[in-house]
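Enquirer: Structure file model.cif, mmCIF, C-alpha atoms and all ligand atoms, is pasted below:
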data_target
#
loop_
_atom_site.label_atom_id
_atom_site.label_comp_id
_atom_site.auth_asym_id
_atom_site.auth_seq_id
_atom_site.Cartn_x
_atom_site.Cartn_y
_atom_site.Cartn_z
CA MET A 285 -30.28 7.30 -3.26
CA ALA A 286 -29.55 10.74 -1.96
CA ARG A 287 -27.09 13.58 -2.08
CA LEU A 288 -25.91 15.51 0.96
CA THR A 289 -24.46 19.00 0.56
CA LEU A 290 -22.84 21.04 3.32
CA SER A 291 -21.99 24.64 2.51
CA GLY A 292 -20.04 26.91 4.82
CA LEU A 293 -21.20 24.84 7.79
CA THR A 294 -20.00 26.54 10.97
CA LYS A 295 -20.53 26.02 14.69
CA SER A 296 -19.25 28.10 17.55
CA PHE A 297 -19.49 27.47 21.26
CA GLY A 298 -18.82 30.47 23.47
CA GLY A 299 -17.21 32.46 20.67
CA LEU A 300 -14.93 29.59 19.66
CA ASP A 301 -15.38 28.10 16.18
CA VAL A 302 -15.27 24.30 16.55
CA VAL A 303 -16.54 23.74 12.98
CA LYS A 304 -15.17 26.19 10.44
CA ALA A 305 -16.98 26.75 7.14
CA VAL A 306 -17.08 23.11 6.08
CA ASP A 307 -17.99 22.48 2.45
CA LEU A 308 -18.72 18.89 1.50
CA GLU A 309 -20.76 16.97 -1.02
CA VAL A 310 -21.55 13.31 -0.46
CA THR A 311 -23.09 11.82 -3.56
CA ASP A 312 -25.59 9.05 -4.12
CA GLY A 313 -24.73 5.81 -2.37
CA GLU A 314 -21.26 6.94 -1.33
CA LEU A 315 -19.63 6.08 2.01
CA VAL A 316 -17.54 8.97 3.30
CA CYS A 317 -15.47 8.80 6.48
CA LEU A 318 -14.94 11.89 8.60
CA LEU A 319 -11.52 11.23 10.10
CA GLY A 320 -9.77 13.34 12.69
CA PRO A 321 -8.38 13.36 16.22
CA SER A 322 -10.56 13.81 19.26
CA GLY A 323 -11.96 17.35 19.44
CA SER A 324 -11.64 18.04 15.69
CA GLY A 325 -15.40 18.60 15.33
CA LYS A 326 -16.53 15.29 13.83
CA SER A 327 -19.47 14.68 16.17
CA THR A 328 -20.57 18.30 16.00
CA ILE A 329 -20.78 18.09 12.20
CA LEU A 330 -22.79 14.87 12.40
CA ARG A 331 -25.14 16.26 15.04
CA MET A 332 -25.81 19.30 12.86
CA ILE A 333 -26.63 17.08 9.88
CA GLY A 334 -28.96 15.00 12.07
CA GLY A 335 -30.59 18.17 13.39
CA PHE A 336 -29.56 17.72 17.04
CA GLU A 337 -27.46 20.87 16.97
CA GLY A 338 -28.21 24.12 15.15
CA PRO A 339 -25.40 25.55 13.01
CA SER A 340 -24.02 29.03 13.70
CA GLY A 341 -23.71 29.50 9.94
CA GLY A 342 -24.01 27.76 6.61
CA ALA A 343 -26.52 25.32 5.20
CA ILE A 344 -27.33 21.61 4.97
CA ARG A 345 -29.10 20.30 1.88
CA ILE A 346 -30.41 16.86 1.11
CA ASP A 347 -31.25 16.28 -2.55
CA GLY A 348 -31.10 20.03 -2.98
CA GLU A 349 -33.66 20.74 -0.28
CA ASP A 350 -32.51 23.01 2.53
CA VAL A 351 -33.07 21.09 5.79
CA THR A 352 -31.03 23.40 8.03
CA ALA A 353 -34.11 24.44 10.03
CA VAL A 354 -35.98 21.11 9.88
CA PRO A 355 -36.30 19.34 13.28
CA PRO A 356 -34.49 15.97 13.63
CA GLU A 357 -37.61 13.80 13.59
CA ARG A 358 -38.59 15.26 10.23
CA ARG A 359 -35.20 14.94 8.57
CA PRO A 360 -34.52 12.02 6.23
CA THR A 361 -31.48 11.07 8.30
CA GLY A 362 -30.76 8.14 10.61
CA MET A 363 -28.12 8.41 13.32
CA VAL A 364 -26.23 5.74 15.23
CA PHE A 365 -24.14 6.78 18.22
CA GLN A 366 -21.19 5.14 19.97
CA SER A 367 -23.38 4.38 22.96
CA HIS A 368 -26.54 3.09 21.41
CA ALA A 369 -29.15 4.40 23.86
CA LEU A 370 -31.45 1.43 23.36
CA TRP A 371 -34.30 0.79 25.81
CA SER A 372 -32.79 -2.06 27.78
CA HIS A 373 -36.06 -3.15 29.44
CA MET A 374 -37.80 -3.58 26.07
CA ASP A 375 -37.26 -6.42 23.64
CA VAL A 376 -35.40 -6.07 20.37
CA PHE A 377 -38.61 -5.94 18.32
CA ALA A 378 -40.07 -3.10 20.41
CA ASN A 379 -36.84 -1.09 20.18
CA ILE A 380 -36.83 -1.29 16.40
CA ALA A 381 -40.59 -0.88 15.95
CA PHE A 382 -40.78 2.24 18.12
CA GLY A 383 -40.26 4.79 15.34
CA LEU A 384 -42.67 2.94 13.03
CA LYS A 385 -45.37 2.99 15.72
CA LEU A 386 -44.95 6.74 16.04
CA ARG A 387 -45.68 6.90 12.34
CA HIS A 388 -48.86 4.86 12.87
CA LEU A 389 -48.00 2.14 10.39
CA PRO A 390 -50.30 -0.90 10.32
CA ARG A 391 -49.14 -3.73 12.61
CA ALA A 392 -48.53 -6.23 9.83
CA GLU A 393 -46.36 -3.73 7.97
CA ILE A 394 -44.38 -2.96 11.14
CA ARG A 395 -43.79 -6.67 11.69
CA SER A 396 -42.56 -7.30 8.16
CA LYS A 397 -40.30 -4.24 8.14
CA VAL A 398 -38.75 -5.14 11.51
CA GLU A 399 -38.20 -8.75 10.43
CA ALA A 400 -36.57 -7.65 7.18
CA VAL A 401 -34.18 -5.30 8.94
CA LEU A 402 -33.31 -7.90 11.61
CA GLU A 403 -32.41 -10.26 8.79
CA LEU A 404 -30.28 -7.52 7.21
CA VAL A 405 -28.18 -7.01 10.37
CA GLY A 406 -27.83 -10.74 11.02
CA LEU A 407 -30.26 -10.91 13.94
CA ALA A 408 -33.14 -12.88 12.41
CA GLY A 409 -35.10 -14.54 15.21
CA TYR A 410 -33.82 -12.17 17.92
CA GLY A 411 -37.00 -10.05 18.11
CA SER A 412 -38.15 -11.30 21.50
CA ARG A 413 -34.77 -11.05 23.25
CA ARG A 414 -34.30 -8.35 25.84
CA VAL A 415 -31.61 -5.83 24.97
CA TRP A 416 -29.71 -6.49 28.22
CA GLN A 417 -29.36 -10.15 27.18
CA LEU A 418 -27.40 -9.18 24.06
CA SER A 419 -23.66 -8.72 23.61
CA GLY A 420 -22.22 -5.28 22.84
CA GLY A 421 -21.89 -6.11 19.16
CA GLN A 422 -25.46 -7.38 18.95
CA GLN A 423 -26.69 -4.22 20.66
CA GLN A 424 -24.93 -2.10 18.04
CA ARG A 425 -26.58 -4.21 15.34
CA VAL A 426 -29.95 -3.41 16.93
CA ALA A 427 -29.06 0.29 16.98
CA ILE A 428 -28.24 0.14 13.27
CA ALA A 429 -31.46 -1.77 12.56
CA ARG A 430 -33.46 0.82 14.50
CA SER A 431 -32.05 3.54 12.24
CA LEU A 432 -32.42 1.63 8.98
CA VAL A 433 -36.01 0.57 9.58
CA LEU A 434 -37.10 4.19 9.12
CA GLU A 435 -35.54 4.09 5.64
CA PRO A 436 -33.42 7.24 5.97
CA LYS A 437 -31.91 8.80 2.87
CA ILE A 438 -28.70 9.51 4.75
CA LEU A 439 -27.11 7.25 7.38
CA LEU A 440 -24.94 8.94 10.03
CA LEU A 441 -22.66 6.76 12.17
CA ASP A 442 -20.66 8.34 15.00
CA GLU A 443 -17.84 5.96 16.03
CA PRO A 444 -20.43 3.18 16.26
CA PHE A 445 -17.96 0.42 17.15
CA ALA A 446 -15.51 2.37 19.30
CA SER A 447 -16.48 0.54 22.48
CA LEU A 448 -16.03 -2.94 20.97
CA ASP A 449 -12.86 -5.01 20.81
CA GLN A 450 -10.69 -4.93 17.70
CA HIS A 451 -11.84 -8.25 16.24
CA LEU A 452 -15.54 -7.49 16.59
CA ARG A 453 -14.99 -3.95 15.33
CA GLU A 454 -13.43 -5.26 12.12
CA ARG A 455 -16.25 -7.74 11.60
CA LEU A 456 -18.99 -5.18 12.14
CA ARG A 457 -17.17 -2.74 9.89
CA GLU A 458 -17.33 -5.28 7.05
CA GLU A 459 -20.99 -5.95 7.76
CA VAL A 460 -21.86 -2.26 7.70
CA ARG A 461 -20.00 -1.86 4.43
CA ASP A 462 -21.93 -4.77 2.98
CA ILE A 463 -25.32 -3.47 4.16
CA GLN A 464 -24.48 0.05 2.99
CA GLN A 465 -23.64 -1.20 -0.49
CA ARG A 466 -26.65 -3.47 -0.73
CA LEU A 467 -29.00 -0.64 0.21
CA GLY A 468 -27.00 1.95 -1.71
CA ILE A 469 -27.50 4.32 1.20
CA THR A 470 -25.47 7.53 1.30
CA THR A 471 -23.42 7.29 4.49
CA LEU A 472 -21.20 9.46 6.67
CA PHE A 473 -19.07 7.44 9.07
CA VAL A 474 -17.16 9.24 11.83
CA THR A 475 -13.98 7.69 13.18
CA HIS A 476 -10.68 8.69 14.76
CA GLY A 477 -9.04 5.49 13.48
CA GLN A 478 -7.27 5.86 10.15
CA ASP A 479 -7.19 2.08 9.66
CA GLU A 480 -10.98 2.04 9.93
CA ALA A 481 -11.35 4.91 7.46
CA LEU A 482 -8.92 3.36 4.98
CA ALA A 483 -10.78 0.04 5.13
CA LEU A 484 -14.27 1.48 4.76
CA ALA A 485 -14.41 4.67 2.82
CA ASP A 486 -15.03 5.59 -0.78
CA ARG A 487 -13.62 8.97 0.24
CA ILE A 488 -12.03 10.25 3.43
CA VAL A 489 -12.40 13.78 4.81
CA VAL A 490 -9.54 14.61 7.19
CA LEU A 491 -10.48 17.17 9.83
CA LYS A 492 -8.18 19.27 11.96
CA ASP A 493 -9.47 21.83 14.44
CA GLY A 494 -12.90 21.98 12.78
CA ALA A 495 -11.63 22.54 9.24
CA ILE A 496 -11.09 20.16 6.33
CA GLU A 497 -7.41 19.42 5.70
CA GLN A 498 -7.91 17.12 2.74
CA THR A 499 -10.65 15.14 0.99
CA ASP A 500 -9.62 12.24 -1.19
CA ARG A 501 -9.92 8.57 -1.99
CA PRO A 502 -8.14 6.35 0.57
CA SER A 503 -5.35 5.32 -1.80
CA ALA A 504 -4.68 8.90 -2.94
CA LEU A 505 -4.71 10.16 0.64
CA TYR A 506 -2.27 7.47 1.64
CA ARG A 507 0.10 8.08 -1.26
CA ARG A 508 -0.21 11.83 -1.58
CA PRO A 509 -1.06 13.46 1.75
CA ALA A 510 -1.57 17.19 1.13
CA THR A 511 -0.24 18.42 4.45
CA ARG A 512 2.21 17.37 7.12
CA PHE A 513 -0.74 16.86 9.46
CA VAL A 514 -2.45 14.41 7.08
CA ALA A 515 0.81 12.54 6.50
CA GLY A 516 1.38 12.21 10.23
CA PHE A 517 -2.18 11.20 10.98
CA ILE A 518 -2.58 8.68 8.15
CA GLY A 519 0.92 7.28 8.65
CA HIS A 520 0.36 6.61 12.31
CA MET A 521 -1.05 3.10 12.58
CA ASN A 522 -2.99 2.17 15.71
P1 LIG B 601 -14.88 15.06 17.93
O1 LIG B 601 -16.18 14.35 17.73
O2 LIG B 601 -14.06 15.19 16.69
O3 LIG B 601 -14.09 14.48 19.05
P2 LIG B 601 -16.56 17.21 18.87
O4 LIG B 601 -17.38 17.61 17.70
O5 LIG B 601 -17.19 16.37 19.89
O6 LIG B 601 -15.20 16.57 18.36
O7 LIG B 601 -16.04 18.51 19.59
C1 LIG B 601 -15.34 19.55 18.91
C2 LIG B 601 -15.01 20.66 19.89
O8 LIG B 601 -16.23 21.29 20.30
C3 LIG B 601 -14.34 20.18 21.16
O9 LIG B 601 -13.36 21.11 21.53
C4 LIG B 601 -15.46 20.16 22.17
O10 LIG B 601 -14.99 20.37 23.46
C5 LIG B 601 -16.35 21.29 21.69
N1 LIG B 601 -17.78 21.09 22.02
C6 LIG B 601 -18.57 20.10 21.52
N2 LIG B 601 -19.83 20.22 22.00
C7 LIG B 601 -19.83 21.31 22.83
C8 LIG B 601 -20.82 21.95 23.61
N3 LIG B 601 -22.09 21.51 23.64
N4 LIG B 601 -20.45 23.05 24.32
C9 LIG B 601 -19.18 23.52 24.26
N5 LIG B 601 -18.21 22.96 23.53
C10 LIG B 601 -18.50 21.86 22.83
MG MG B 602 -16.91 12.59 18.62
#
Show this structure as structure tokens.
Ligand code: ADP
Ligand code: MG
Expert:
Amino acid sequence: MARLTLSGLTKSFGGLDVVKAVDLEVTDGELVCLLGPSGSGKSTILRMIGGFEGPSGGAIRIDGEDVTAVPPERRPTGMVFQSHALWSHMDVFANIAFGLKLRHLPRAEIRSKVEAVLELVGLAGYGSRRVWQLSGGQQQRVAIARSLVLEPKILLLDEPFASLDQHLRERLREEVRDIQQRLGITTLFVTHGQDEALALADRIVVLKDGAIEQTDRPSALYRRPATRFVAGFIGHMN
């Protein structure tokens, strides 16, 4: 299990601060949702934690170690995007095994790790399928498996189910929650849907214009919104 600490995390583009001195601690095995409207800085925060974007200020620590300047491939983070960016011409096994091959693991170990993670995401036996043969939901399961197989300390999910229909989204949400709890993996889940955040999170961080409006447990946030913005956003069901 791992602890993620953001201190004074800031990002500006062209002189405009889109992430403003964000302080946040996500503790061992917790699932925290970053919730906010489009443009509130959620993806930028996640990309900085994953190392795909350099902060303009502040620091990112994982288990106390400053990783702010560590390149993405050497960070103990795994990221899943809304559009999964799988290699559609390769089979499921090859997609998931790719990162393990880069690490020069023995073939038998790669096989057993990939099979275990396929089982975990409910795709046992799907290794030889081509990605283009899979449904959207199955492709997102592969994307999650591809992240998890590298055994990250921190899992980062950026609106992973946004392109799926409501029914499938709810099912995958439950599955992710189940996997997250079984592995005890510290997770940040970005969403603009308050129903999704309320259903998933141990704690919710509400963002507005790049700054934190309120951080609280779902029930507390729902009952005692700290600002008019939070009340409006949480109260608005979609
Ligand atoms: P969210 O994920 O909450 O929708 P983003 O983090 O994607 O928000 O974006 C926050 C703000 O930063 C937006 O106003 C967006 O236009 C701006 N932004 C994001 N990435 C860039 C970039 N590479 N260059 C300039 N502006 C950007
Ligand atoms: Mg986004």
Enquirer: Between A:Arg287, A:Phe336, A:Ile488, A:Thr471, single out the one closest to Pro509 in chain A, counting all atoms listed in the file.
Expert: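 Once distances to Pro509 in chain A are computed over all atoms listed in the file, the minimum belongs to A:Ile488.
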Enquirer: How many Å lie between CA of Val302 in chain A and CA of Ile333 in chain A, rounded to one decimal?
Expert: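 A separation of 15.0 Å between them.
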Enquirer: In Å, rounded to a single decimal, give me how far CA of Gln464 in chain A is from CA of Val306 in chain A.
Expert: 24.4 Å
Enquirer: Could you please extract the residues within 8 Å of ligand MG 602 (chain B), counting only C-alpha atoms and all ligand atoms, and hand them back as a list of chain:residue names?
Expert: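 For ligand MG 602 (chain B), the residues inside 8 Å are A:Ser322, A:Gly323, A:Gly325, A:Lys326, A:Ser327, A:Thr328, A:Asp442, A:Glu443, A:Val474, A:Thr475.
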Enquirer: Taking all atoms of range 471-477 of chain A that the file lists, what box with edges along x, y and z, padded by 8 Å per side, do you get, with centre and edge lengths in Å to one decimal, as JSON?
Expert:
{"center_x": -16.2, "center_y": 7.5, "center_z": 9.6, "size_x": 30.4, "size_y": 20.0, "size_z": 26.3}
Enquirer: Using Å and a single decimal, report how far CA of Leu418 in chain A sits from CA of Met363 in chain A.
Expert: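 One can read the CA of Met363 in chain A to CA of Leu418 in chain A distance as 20.6 Å.
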Enquirer: Quick one: contact table of chain A to ligand LIG 601 (chain B), 12 Å max, nearest atom pair and distance in Å to one decimal per residue, counting all atoms listed in the file, chain and number order, as CSV?
Expert:
residue,atom,partner,partner_atom,distance
A:Thr294,CA,B:LIG601,O8,11.4
A:Lys295,CA,B:LIG601,O8,8.5
A:Ser296,CA,B:LIG601,O8,7.9
A:Phe297,CA,B:LIG601,C9,5.0
A:Gly298,CA,B:LIG601,C9,7.0
A:Gly299,CA,B:LIG601,C9,9.8
A:Leu300,CA,B:LIG601,N5,8.3
A:Asp301,CA,B:LIG601,O8,8.0
A:Val302,CA,B:LIG601,O8,4.9
A:Val303,CA,B:LIG601,C1,7.4
A:Lys304,CA,B:LIG601,C1,10.8
A:Leu318,CA,B:LIG601,O2,8.8
A:Leu319,CA,B:LIG601,O2,8.1
A:Gly320,CA,B:LIG601,O2,6.2
A:Pro321,CA,B:LIG601,O2,6.0
A:Ser322,CA,B:LIG601,O3,3.6
A:Gly323,CA,B:LIG601,O6,3.5
A:Ser324,CA,B:LIG601,O2,3.9
A:Gly325,CA,B:LIG601,O4,3.2
A:Lys326,CA,B:LIG601,O2,3.8
A:Ser327,CA,B:LIG601,O1,3.7
A:Thr328,CA,B:LIG601,O4,3.7
A:Ile329,CA,B:LIG601,O4,6.5
A:Leu330,CA,B:LIG601,O4,8.1
A:Arg331,CA,B:LIG601,O4,8.3
A:Met332,CA,B:LIG601,O4,9.9
A:Phe336,CA,B:LIG601,N3,10.7
A:Glu337,CA,B:LIG601,N3,8.6
A:Gly338,CA,B:LIG601,N3,10.8
A:Pro339,CA,B:LIG601,N2,11.8
A:Phe365,CA,B:LIG601,O1,11.0
A:Gln366,CA,B:LIG601,O1,10.7
A:Leu441,CA,B:LIG601,O1,11.4
A:Asp442,CA,B:LIG601,O1,8.0
A:Glu443,CA,B:LIG601,O1,8.7
A:Phe473,CA,B:LIG601,O1,11.4
A:Val474,CA,B:LIG601,O1,7.9
A:Thr475,CA,B:LIG601,O2,8.3
A:His476,CA,B:LIG601,O2,7.6
A:Gly477,CA,B:LIG601,O2,11.4
A:Val490,CA,B:LIG601,O2,10.5
A:Leu491,CA,B:LIG601,O2,8.0
A:Lys492,CA,B:LIG601,O2,8.6
A:Asp493,CA,B:LIG601,C1,7.7
A:Gly494,CA,B:LIG601,C1,7.0
A:Ala495,CA,B:LIG601,O2,10.7
A:Ile496,CA,B:LIG601,O2,11.9
Enquirer: Give the answer as one residue: which of A:Thr470, A:Ser396, A:Gln417, A:Thr289 has the shortest atom-to-atom distance to Thr361 in chain A, using only C-alpha atoms?
Expert: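 Nearest candidate to Thr361 in chain A out of A:Thr470, A:Ser396, A:Gln417, A:Thr289: A:Thr470.
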Enquirer: I'd like the contact shell of Leu448 in chain A - 10 Å cut-off, only C-alpha atoms, skipping same-chain residues fewer than 6 positions apart - returned as a ChimeraX atom specification.
Expert: /A:366,419-421,424,454,456
Enquirer: With all atoms listed in the file as the basis for distance, which of A:Cys317, A:Leu452, A:Gly292, A:Phe517 is at the shortest distance from Thr352 in chain A?
Expert: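 Of all the options, A:Gly292 lies closest to Thr352 in chain A.
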Enquirer: With all atoms listed in the file counted, which protein, DNA or RNA residues have an atom no more than 12 Å from (-27.4, -0.2, 0.2) in the file frame? Please answer as a PyMOL selection string.
Expert: chain A and resi 285-286+312-315+404+432+435-439+459-471
Enquirer: Select, from A:Leu389, A:Val401, A:Val415, A:Ile518, the residue with the minimum atom-to-atom distance to Ala369 in chain A, counting all atoms listed in the file.
Expert: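 Answer, going by the shortest atom-to-atom distance: A:Val415.
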Enquirer: Pick out the closest residue to Asp486 in chain A from this set: A:Pro502, A:Gly406, A:Gly516, A:Gly411. Count only C-alpha atoms.
Expert: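 Of A:Pro502, A:Gly406, A:Gly516, A:Gly411, the one nearest Asp486 in chain A, counting only C-alpha atoms, is A:Pro502.
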Enquirer: Closest to Val433 in chain A among A:Arg457, A:His451, A:Arg414, A:Arg395, using all atoms listed in the file?
Expert: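 Closest candidate: A:Arg395.
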Enquirer: Please check which residues have atoms at most 12 Å from (1.6, 8.1, 8.7) in the file's coordinates, counting only C-alpha atoms, and write them as number ranges by chain.
Expert: A: 477-479, 505-509, 511-522
Enquirer: Quick one: residues within 7 Å of Arg430 in chain A, all atoms listed in the file, excluding same-chain residues fewer than 4 positions away - as a ChimeraX atom specification?
Expert: /A:379-380,426
Enquirer: Applying 12 Å and all atoms listed in the file, which residues near Asp350 in chain A remain after dropping the ones on its own chain fewer than 4 positions away? List them as JSON, numbers by chain.
Expert: {"A": [287, 288, 289, 290, 291, 333, 342, 343, 344, 345, 346, 354, 355, 359, 360]}
Enquirer: Write the residues of the selection above to a file with C-alpha atoms, as a compact mmCIF listing (two decimals), in the frame of the given file.
Expert:
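New file again05.txt:
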# COMPACT_ATOMS: atom_id res chain seq x y z
CA ARG A 287 -27.09 13.58 -2.08
CA LEU A 288 -25.91 15.51 0.96
CA THR A 289 -24.46 19.00 0.56
CA LEU A 290 -22.84 21.04 3.32
CA SER A 291 -21.99 24.64 2.51
CA ILE A 333 -26.63 17.08 9.88
CA GLY A 342 -24.01 27.76 6.61
CA ALA A 343 -26.52 25.32 5.20
CA ILE A 344 -27.33 21.61 4.97
CA ARG A 345 -29.10 20.30 1.88
CA ILE A 346 -30.41 16.86 1.11
CA VAL A 354 -35.98 21.11 9.88
CA PRO A 355 -36.30 19.34 13.28
CA ARG A 359 -35.20 14.94 8.57
CA PRO A 360 -34.52 12.02 6.23
Enquirer: Any chance you could build range 429-440 of chain A out to N, CA and C atoms and write it as an mmCIF file, in the frame of the given file?
Expert:
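File produced: result15.cif:
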data_model
loop_
_atom_site.group_PDB
_atom_site.id
_atom_site.type_symbol
_atom_site.label_atom_id
_atom_site.label_comp_id
_atom_site.auth_asym_id
_atom_site.auth_seq_id
_atom_site.Cartn_x
_atom_site.Cartn_y
_atom_site.Cartn_z
ATOM 1 N N ALA A 429 -30.150 -1.341 13.077
ATOM 2 C CA ALA A 429 -31.460 -1.770 12.560
ATOM 3 C C ALA A 429 -32.538 -0.729 12.873
ATOM 4 N N ARG A 430 -32.470 -0.173 14.079
ATOM 5 C CA ARG A 430 -33.460 0.820 14.500
ATOM 6 C C ARG A 430 -33.403 2.065 13.608
ATOM 7 N N SER A 431 -32.188 2.414 13.172
ATOM 8 C CA SER A 431 -32.050 3.540 12.240
ATOM 9 C C SER A 431 -32.555 3.176 10.853
ATOM 10 N N LEU A 432 -32.123 2.005 10.372
ATOM 11 C CA LEU A 432 -32.420 1.630 8.980
ATOM 12 C C LEU A 432 -33.896 1.374 8.733
ATOM 13 N N VAL A 433 -34.611 0.932 9.773
ATOM 14 C CA VAL A 433 -36.010 0.570 9.580
ATOM 15 C C VAL A 433 -36.853 1.778 9.158
ATOM 16 N N LEU A 434 -36.367 2.976 9.497
ATOM 17 C CA LEU A 434 -37.100 4.190 9.120
ATOM 18 C C LEU A 434 -36.752 4.648 7.697
ATOM 19 N N GLU A 435 -35.917 3.840 7.026
ATOM 20 C CA GLU A 435 -35.540 4.090 5.640
ATOM 21 C C GLU A 435 -35.023 5.515 5.405
ATOM 22 N N PRO A 436 -33.971 5.892 6.161
ATOM 23 C CA PRO A 436 -33.420 7.240 5.970
ATOM 24 C C PRO A 436 -32.727 7.349 4.615
ATOM 25 N N LYS A 437 -32.663 8.570 4.104
ATOM 26 C CA LYS A 437 -31.910 8.800 2.870
ATOM 27 C C LYS A 437 -30.416 8.846 3.159
ATOM 28 N N ILE A 438 -30.097 9.338 4.352
ATOM 29 C CA ILE A 438 -28.700 9.510 4.750
ATOM 30 C C ILE A 438 -28.482 8.800 6.077
ATOM 31 N N LEU A 439 -27.444 7.946 6.136
ATOM 32 C CA LEU A 439 -27.110 7.250 7.380
ATOM 33 C C LEU A 439 -25.886 7.911 8.012
ATOM 34 N N LEU A 440 -26.009 8.254 9.302
ATOM 35 C CA LEU A 440 -24.940 8.940 10.030
ATOM 36 C C LEU A 440 -24.471 8.046 11.163
#
